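Visitor: Pasting query.txt here (compact mmCIF, C-alpha atoms):
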# COMPACT_ATOMS: atom_id res chain seq x y z
CA MET P 1 -111.55 54.82 -23.99
CA ARG P 2 -111.12 51.49 -22.24
CA THR P 3 -108.71 48.61 -22.48
CA ALA P 4 -110.27 45.39 -23.79
CA SER P 5 -109.67 42.28 -21.70
CA LYS P 6 -111.01 38.77 -21.44
CA LYS P 7 -114.06 38.70 -19.15
CA THR P 8 -114.52 35.99 -16.55
CA LEU P 9 -117.19 37.70 -14.44
CA LEU P 10 -119.47 39.84 -16.57
CA THR P 11 -121.53 38.33 -19.38
CA ALA P 12 -123.49 39.80 -22.26
CA ALA P 13 -126.53 39.76 -19.99
CA ASP P 14 -124.82 42.05 -17.44
CA PRO P 15 -124.83 45.84 -17.86
CA ASP P 16 -121.69 47.68 -18.86
CA PRO P 17 -120.07 49.02 -15.67
CA VAL P 18 -119.77 52.57 -17.02
CA GLU P 19 -122.21 55.00 -18.58
CA VAL P 20 -121.06 58.42 -19.76
CA ILE P 21 -123.41 61.36 -20.14
CA ASN P 22 -122.28 64.15 -22.48
CA PRO P 23 -119.06 62.28 -23.38
CA ASP P 24 -117.99 64.78 -26.06
CA SER P 25 -118.69 67.91 -24.06
CA PRO P 26 -115.79 70.36 -23.78
CA CYS P 27 -117.37 71.76 -20.61
CA PRO P 28 -114.61 72.56 -18.08
CA ILE P 29 -116.46 70.57 -15.41
CA LEU P 30 -116.18 66.80 -14.88
CA LEU P 31 -118.78 65.00 -12.77
CA LEU P 32 -118.70 61.48 -11.35
CA CYS P 33 -121.13 59.24 -9.48
CA GLU P 34 -119.35 56.07 -8.32
CA HIS P 35 -122.16 54.72 -6.14
CA ALA P 36 -125.03 55.27 -8.58
CA GLY P 37 -125.88 51.69 -9.42
CA GLN P 38 -127.41 48.63 -7.82
CA ALA P 39 -126.49 46.01 -10.41
CA ILE P 40 -124.91 42.73 -9.32
CA PRO P 41 -123.24 40.42 -11.87
CA MET P 42 -125.41 37.41 -12.55
CA ALA P 43 -122.54 35.09 -11.64
CA LEU P 44 -122.57 36.43 -8.05
CA ASN P 45 -126.15 35.25 -7.34
CA GLY P 46 -127.20 38.48 -5.69
CA LEU P 47 -124.33 38.32 -3.19
CA GLY P 48 -126.76 36.57 -0.85
CA VAL P 49 -128.43 39.84 0.21
CA THR P 50 -132.09 40.77 0.17
CA ARG P 51 -133.67 43.37 -2.07
CA ALA P 52 -134.24 45.51 1.01
CA VAL P 53 -130.51 45.57 1.74
CA LEU P 54 -129.70 46.41 -1.86
CA ASP P 55 -132.28 49.22 -1.85
CA SER P 56 -130.89 50.69 1.37
CA HIS P 57 -127.84 52.96 1.73
CA ARG P 58 -125.74 49.79 1.97
CA GLY P 59 -126.32 48.94 -1.67
CA TRP P 60 -125.99 52.35 -3.31
CA ASP P 61 -126.03 56.09 -2.71
CA ILE P 62 -129.75 56.82 -2.70
CA GLY P 63 -130.68 59.79 -4.88
CA ALA P 64 -127.11 60.56 -5.96
CA GLU P 65 -127.54 59.43 -9.56
CA THR P 66 -130.67 61.52 -10.03
CA VAL P 67 -128.97 64.62 -8.68
CA ALA P 68 -125.86 63.97 -10.78
CA ARG P 69 -127.81 63.46 -14.00
CA ARG P 70 -129.84 66.62 -13.51
CA LEU P 71 -126.75 68.59 -12.59
CA ALA P 72 -124.95 67.36 -15.70
CA ALA P 73 -127.94 68.37 -17.84
CA ARG P 74 -127.93 71.88 -16.39
CA LEU P 75 -124.18 72.36 -16.73
CA GLY P 76 -123.77 70.50 -20.01
CA ALA P 77 -120.95 68.65 -18.29
CA PRO P 78 -119.67 65.12 -18.85
CA LEU P 79 -120.86 62.74 -16.14
CA ILE P 80 -119.51 59.26 -15.44
CA ILE P 81 -122.00 56.80 -13.92
CA GLN P 82 -120.88 53.53 -12.27
CA ARG P 83 -123.69 50.98 -12.55
CA TYR P 84 -122.71 48.24 -10.08
CA SER P 85 -123.62 48.15 -6.41
CA ARG P 86 -120.98 49.31 -3.97
CA LEU P 87 -121.41 45.87 -2.36
CA VAL P 88 -119.87 44.25 -5.44
CA LEU P 89 -116.93 46.63 -5.36
CA ASP P 90 -116.71 50.09 -3.86
CA ALA P 91 -115.43 52.15 -6.78
CA ASN P 92 -114.31 55.05 -4.58
CA ARG P 93 -111.88 52.90 -2.60
CA PRO P 94 -108.37 51.79 -3.53
CA PRO P 95 -109.17 48.54 -5.34
CA HIS P 96 -106.84 46.38 -3.27
CA SER P 97 -107.95 47.83 0.07
CA VAL P 98 -110.06 45.98 2.63
CA ASP P 99 -112.86 48.55 2.19
CA ALA P 100 -113.27 47.75 -1.51
CA PHE P 101 -114.99 44.43 -0.77
CA VAL P 102 -117.01 44.64 2.44
CA THR P 103 -118.14 41.52 4.28
CA GLU P 104 -120.41 43.60 6.54
CA SER P 105 -122.23 46.87 5.88
CA ASP P 106 -123.85 48.84 8.71
CA GLY P 107 -124.62 45.70 10.70
CA VAL P 108 -125.62 43.48 7.76
CA LEU P 109 -123.46 40.58 6.58
CA ILE P 110 -122.67 40.31 2.86
CA PRO P 111 -122.34 36.53 2.27
CA GLY P 112 -121.15 36.85 -1.32
CA ASN P 113 -118.05 38.74 -0.19
CA LYS P 114 -116.98 36.20 2.40
CA GLU P 115 -113.76 34.30 1.63
CA LEU P 116 -113.11 35.97 -1.71
CA THR P 117 -110.13 34.55 -3.54
CA ALA P 118 -107.47 36.63 -5.27
CA THR P 119 -109.04 35.54 -8.56
CA ASP P 120 -112.47 36.74 -7.43
CA ARG P 121 -111.11 40.16 -6.47
CA THR P 122 -109.09 40.50 -9.66
CA ALA P 123 -112.13 39.78 -11.84
CA ARG P 124 -114.16 42.51 -10.13
CA ILE P 125 -111.30 44.98 -10.30
CA ASP P 126 -110.49 44.27 -13.97
CA GLU P 127 -114.08 44.27 -15.20
CA ILE P 128 -115.76 46.91 -13.00
CA PHE P 129 -113.19 49.17 -11.35
CA THR P 130 -110.62 49.48 -14.15
CA PRO P 131 -113.11 50.55 -16.87
CA LEU P 132 -114.33 53.31 -14.55
CA ASP P 133 -110.83 54.41 -13.65
CA GLU P 134 -109.75 54.52 -17.29
CA THR P 135 -112.86 56.49 -18.23
CA ILE P 136 -112.09 59.10 -15.56
CA SER P 137 -108.56 59.54 -16.93
CA TYR P 138 -109.82 59.66 -20.51
CA LEU P 139 -112.35 62.42 -19.84
CA PHE P 140 -109.91 64.45 -17.77
CA ASN P 141 -107.43 64.31 -20.64
CA ARG P 142 -109.85 64.78 -23.53
CA HIS P 143 -110.64 68.43 -22.76
CA PRO P 144 -109.22 70.91 -20.22
CA ARG P 145 -111.17 70.71 -16.93
CA ARG P 146 -111.27 73.49 -14.37
CA PHE P 147 -113.50 71.88 -11.74
CA ALA P 148 -114.29 68.28 -10.80
CA SER P 149 -116.77 66.77 -8.39
CA SER P 150 -118.13 63.42 -7.34
CA VAL P 151 -121.76 63.24 -6.18
CA HIS P 152 -122.63 61.01 -3.21
CA SER P 153 -125.32 60.67 -0.56
CA PHE P 154 -125.22 59.57 3.07
CA THR P 155 -127.70 58.01 5.45
CA PRO P 156 -129.19 60.22 8.22
CA HIS P 157 -128.29 57.60 10.85
CA PHE P 158 -125.20 55.42 10.89
CA ALA P 159 -123.88 53.06 13.57
CA GLY P 160 -126.56 54.28 15.96
CA ARG P 161 -125.70 57.96 15.61
CA ALA P 162 -127.66 60.76 13.95
CA ARG P 163 -126.00 62.92 11.33
CA PRO P 164 -127.31 66.49 11.53
CA TRP P 165 -125.89 67.82 8.26
CA HIS P 166 -127.94 68.33 5.13
CA ALA P 167 -124.81 68.24 2.99
CA GLY P 168 -121.06 67.97 3.32
CA PHE P 169 -118.25 68.99 0.98
CA LEU P 170 -115.06 66.97 1.19
CA THR P 171 -111.62 68.18 0.13
CA ARG P 172 -108.07 68.49 1.39
CA ASP P 173 -106.43 70.87 -1.09
CA TRP P 174 -109.31 73.19 -2.02
CA PRO P 175 -111.23 74.11 1.17
CA ASP P 176 -111.91 77.65 -0.11
CA THR P 177 -113.70 76.21 -3.14
CA ALA P 178 -115.84 73.99 -0.90
CA ARG P 179 -116.65 76.99 1.30
CA GLN P 180 -117.60 78.99 -1.76
CA ILE P 181 -120.06 76.29 -2.79
CA MET P 182 -121.52 76.19 0.71
CA ALA P 183 -121.85 79.97 0.82
CA SER P 184 -123.74 79.97 -2.48
CA ILE P 185 -126.16 77.31 -1.23
CA GLN P 186 -126.55 79.08 2.12
CA ALA P 187 -127.54 82.30 0.38
CA GLU P 188 -130.36 80.43 -1.33
CA ALA P 189 -131.24 78.14 1.59
CA PRO P 190 -130.39 79.88 4.91
CA ASP P 191 -131.61 76.93 6.97
CA ALA P 192 -129.38 74.39 5.22
CA VAL P 193 -126.94 72.73 7.63
CA MET P 194 -123.66 72.13 5.83
CA ALA P 195 -120.10 71.33 6.83
CA LEU P 196 -116.63 71.01 5.43
CA ASN P 197 -115.32 67.41 5.51
CA GLU P 198 -118.42 65.87 7.08
CA PRO P 199 -119.65 63.18 7.46
CA TYR P 200 -116.35 61.83 6.11
CA GLN P 201 -112.81 63.04 5.47
CA ILE P 202 -110.64 62.35 2.42
CA ASP P 203 -107.94 59.79 3.10
CA ASP P 204 -105.43 58.08 0.80
CA ALA P 205 -106.23 54.69 2.33
CA SER P 206 -110.00 54.91 1.86
CA ASP P 207 -110.62 57.22 -1.12
CA TRP P 208 -109.77 57.10 -4.80
CA PHE P 209 -111.18 59.84 -7.02
CA ILE P 210 -109.82 62.83 -5.12
CA PRO P 211 -106.38 61.49 -4.08
CA VAL P 212 -105.65 59.73 -7.38
CA HIS P 213 -107.36 61.92 -10.00
CA ALA P 214 -108.33 65.37 -8.72
CA GLU P 215 -105.44 66.31 -6.42
CA PRO P 216 -102.59 65.39 -8.79
CA ARG P 217 -104.16 67.55 -11.51
CA ASN P 218 -104.32 70.49 -9.09
CA ILE P 219 -107.75 71.67 -10.18
CA PRO P 220 -110.52 72.92 -7.86
CA HIS P 221 -112.62 69.99 -6.68
CA CYS P 222 -114.72 68.51 -3.92
CA LEU P 223 -116.69 65.39 -3.15
CA ILE P 224 -120.35 66.32 -2.59
CA GLU P 225 -122.30 64.41 0.08
CA ILE P 226 -126.07 65.05 0.40
CA ARG P 227 -128.22 63.43 3.09
CA ASN P 228 -130.24 60.84 1.26
CA ASP P 229 -133.63 61.61 2.81
CA LEU P 230 -133.39 65.03 1.13
CA ILE P 231 -132.94 63.63 -2.39
CA ASP P 232 -134.92 60.38 -2.40
CA THR P 233 -137.75 62.07 -4.32
CA ASP P 234 -137.75 63.82 -7.70
CA GLN P 235 -138.61 67.10 -6.00
CA GLY P 236 -135.71 66.86 -3.56
CA ALA P 237 -133.23 65.81 -6.23
CA GLU P 238 -134.36 68.68 -8.45
CA LEU P 239 -133.94 71.17 -5.62
CA TRP P 240 -130.37 70.09 -4.82
CA ALA P 241 -129.40 69.91 -8.49
CA ASP P 242 -130.56 73.52 -8.85
CA ARG P 243 -128.59 74.60 -5.78
CA LEU P 244 -125.42 72.86 -6.93
CA ASP P 245 -125.78 74.21 -10.46
CA THR P 246 -125.81 77.78 -9.15
CA ALA P 247 -122.96 77.09 -6.74
CA ILE P 248 -120.67 75.47 -9.32
CA GLU P 249 -121.36 78.22 -11.85
CA THR P 250 -120.31 80.68 -9.14
CA VAL P 251 -117.04 78.79 -8.67
CA LEU P 252 -116.32 78.85 -12.40
CA GLU P 253 -117.00 82.57 -12.59
CA SER P 254 -114.55 83.20 -9.76
CA LEU P 255 -111.87 81.25 -11.63
CA SER P 256 -112.20 83.37 -14.78
So, in terms of structure tokens, how does the structure I just supplied come out?

Guide:
Amino acid sequence: MRTASKKTLLTAADPDPVEVINPDSPCPILLLCEHAGQAIPMALNGLGVTRAVLDSHRGWDIGAETVARRLAARLGAPLIIQRYSRLVLDANRPPHSVDAFVTESDGVLIPGNKELTATDRTARIDEIFTPLDETISYLFNRHPRRFASSVHSFTPHFAGRARPWHAGFLTRDWPDTARQIMASIQAEAPDAVMALNEPYQIDDASDWFIPVHAEPRNIPHCLIEIRNDLIDTDQGAELWADRLDTAIETVLESLS
């Protein structure tokens, strides 16, 4: 599944960057959660950030992994989990972009990312990003897929501004599919506030999974964003996994 290479960053004491749920499943759905983890390689000495920063939306997508795991269990779909904090390397950014290694996140400095050398960046890309990227390609190619989605969460307030949406569905090529998912959720939860391409928009310069993997394969897809205060408990994560399960099944039925 992955190309072996000499490691200069990760040690035997560090977790593998990728975990795959249901790896052998022929389910036509592929799920991904790039911002699931909070791990930091031991060699990076915690990046110089506090536990509170790591536990906040800066360090990971709160609740996204729980939703993704429960959704994968319901659908029987393969799910790719990325275990390292987005502060080490943002796995949904082009790996050589400025946004892949942030020196500041929502007003907080990240000392361990200051003055990174080319060697530092290459080690993180080779040992964390590349295994994830190769796993995505492998699972797309192993069985035919008819729908793909990445599960994320967003903070209710960012840069001093409130975000009113409960969930957003991001796509450029398949807006009708995203609208179909929203309509399914709305039928079950009339008060849910949802939007197409909010609170972010897909862009080649700042996104990876959709531009590089989903769009070229021309299969229905979207990036799911759920407000993190709605899924930071087991009950909330269970509720949104149920809603997404129904919605995605509806999409698959319409493609039959």

Visitor: So what do you get for CA of Ala68 in chain P versus CA of Gln38 in chain P, distance-wise?

Guide: 15.7 Å

Visitor: I want to know what sits within 10 Å of Asp245 in chain P, based on only C-alpha atoms, with residues of the same chain fewer than 4 positions away left out; could you give that as a list in words?

Guide: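 What passes the distance filter is Arg70, Leu71, Ala72, Ala73, Arg74, Leu75, Ile181, Ile185, Leu239, Trp240, Ala241, Glu249 and Thr250 of chain P.
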
Visitor: Between P:Ile62, P:Ala77, P:Ala36, P:Gln186, which has the minimum distance to Asn22 in chain P (counting only C-alpha atoms)?

Guide: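 Smallest distance to Asn22 in chain P is found for P:Ala77.
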
Visitor: Provide the CA of Val67 in chain P to CA of Glu225 in chain P distance in Å, to one decimal place.

Guide: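 Spanning CA of Val67 in chain P to CA of Glu225 in chain P is a straight-line distance of 11.0 Å.
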
Visitor: Please compute the CA of Asp204 in chain P-CA of Glu134 in chain P distance, one decimal, in Å.

Guide: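 Interatomic distance here is 18.9 Å.
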
Visitor: Is there a way to get, as a short mmCIF file (atom, residue, chain, number, x, y, z; two decimals) with C-alpha atoms, keeping the file's coordinate frame, all residues within 6 Å of the point (-122.0, 40.5, -4.5) in file coordinates, counting all atoms listed in the file?

Guide:
data_model
loop_
_atom_site.label_atom_id
_atom_site.label_comp_id
_atom_site.auth_asym_id
_atom_site.auth_seq_id
_atom_site.Cartn_x
_atom_site.Cartn_y
_atom_site.Cartn_z
CA LEU P 44 -122.57 36.43 -8.05
CA GLY P 46 -127.20 38.48 -5.69
CA LEU P 47 -124.33 38.32 -3.19
CA LEU P 87 -121.41 45.87 -2.36
CA VAL P 88 -119.87 44.25 -5.44
CA GLY P 112 -121.15 36.85 -1.32
#

Visitor: When you look at range 177-179 of chain P with a cut-off of 8 Å (counting all atoms listed in the file), what residues show up, excluding the ones that are within fewer than 5 positions of it in the same chain? I need them as a PyMOL selection string.

Guide: chain P and resi 169-171+196+220-222+251

Visitor: Would you mind telling me which residue in P:Leu54, P:Leu223, P:Ile29, P:Thr66 lies nearest to Gly236 in chain P when using all atoms listed in the file?

Guide: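 Answer, going by the shortest atom-to-atom distance: P:Thr66.
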
Visitor: Within 12 Å of (-114.6, 57.1, -15.5), in the coordinates the file gives, what residues turn up when you count only C-alpha atoms, written out as number ranges by chain?

Guide: P: 1-2, 17-21, 23, 30-34, 78-83, 91-92, 128-141, 150, 208-209, 213

Visitor: Do you know which residues are at most 8 Å from Pro28 in chain P counting only C-alpha atoms, after dropping those on the same chain fewer than 2 positions away, and could you put them as a list in words?

Guide: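 After dropping sequence-adjacent residues, the list is Pro26, Leu30, Ala77, His143, Pro144, Arg145, Arg146 and Phe147 of chain P.
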
Visitor: From the options P:Ser149, P:Ser184, P:Gln201, P:Thr155, which residue's atoms come nearest to Arg172 in chain P, counting all atoms listed in the file?

Guide: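 Result for the nearest residue to Arg172 in chain P: P:Gln201.
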
Visitor: From the list P:Ile231, P:Val108, P:Cys27, P:Leu252, which residue is nearest Asp61 in chain P when using all atoms listed in the file?

Guide: P:Ile231

Visitor: Between P:Pro216, P:Ile224, P:Ser105, P:Pro94, which is the closest to His57 in chain P once you count all atoms listed in the file?

Guide: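 Once distances to His57 in chain P are computed over all atoms listed in the file, the minimum belongs to P:Ser105.
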
Visitor: Between P:Thr50, P:Ser206, P:Thr119, P:Ser56, which is the closest to Asn228 in chain P once you count only C-alpha atoms?

Guide: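 Under the stated criterion, the closest residue is P:Ser56.
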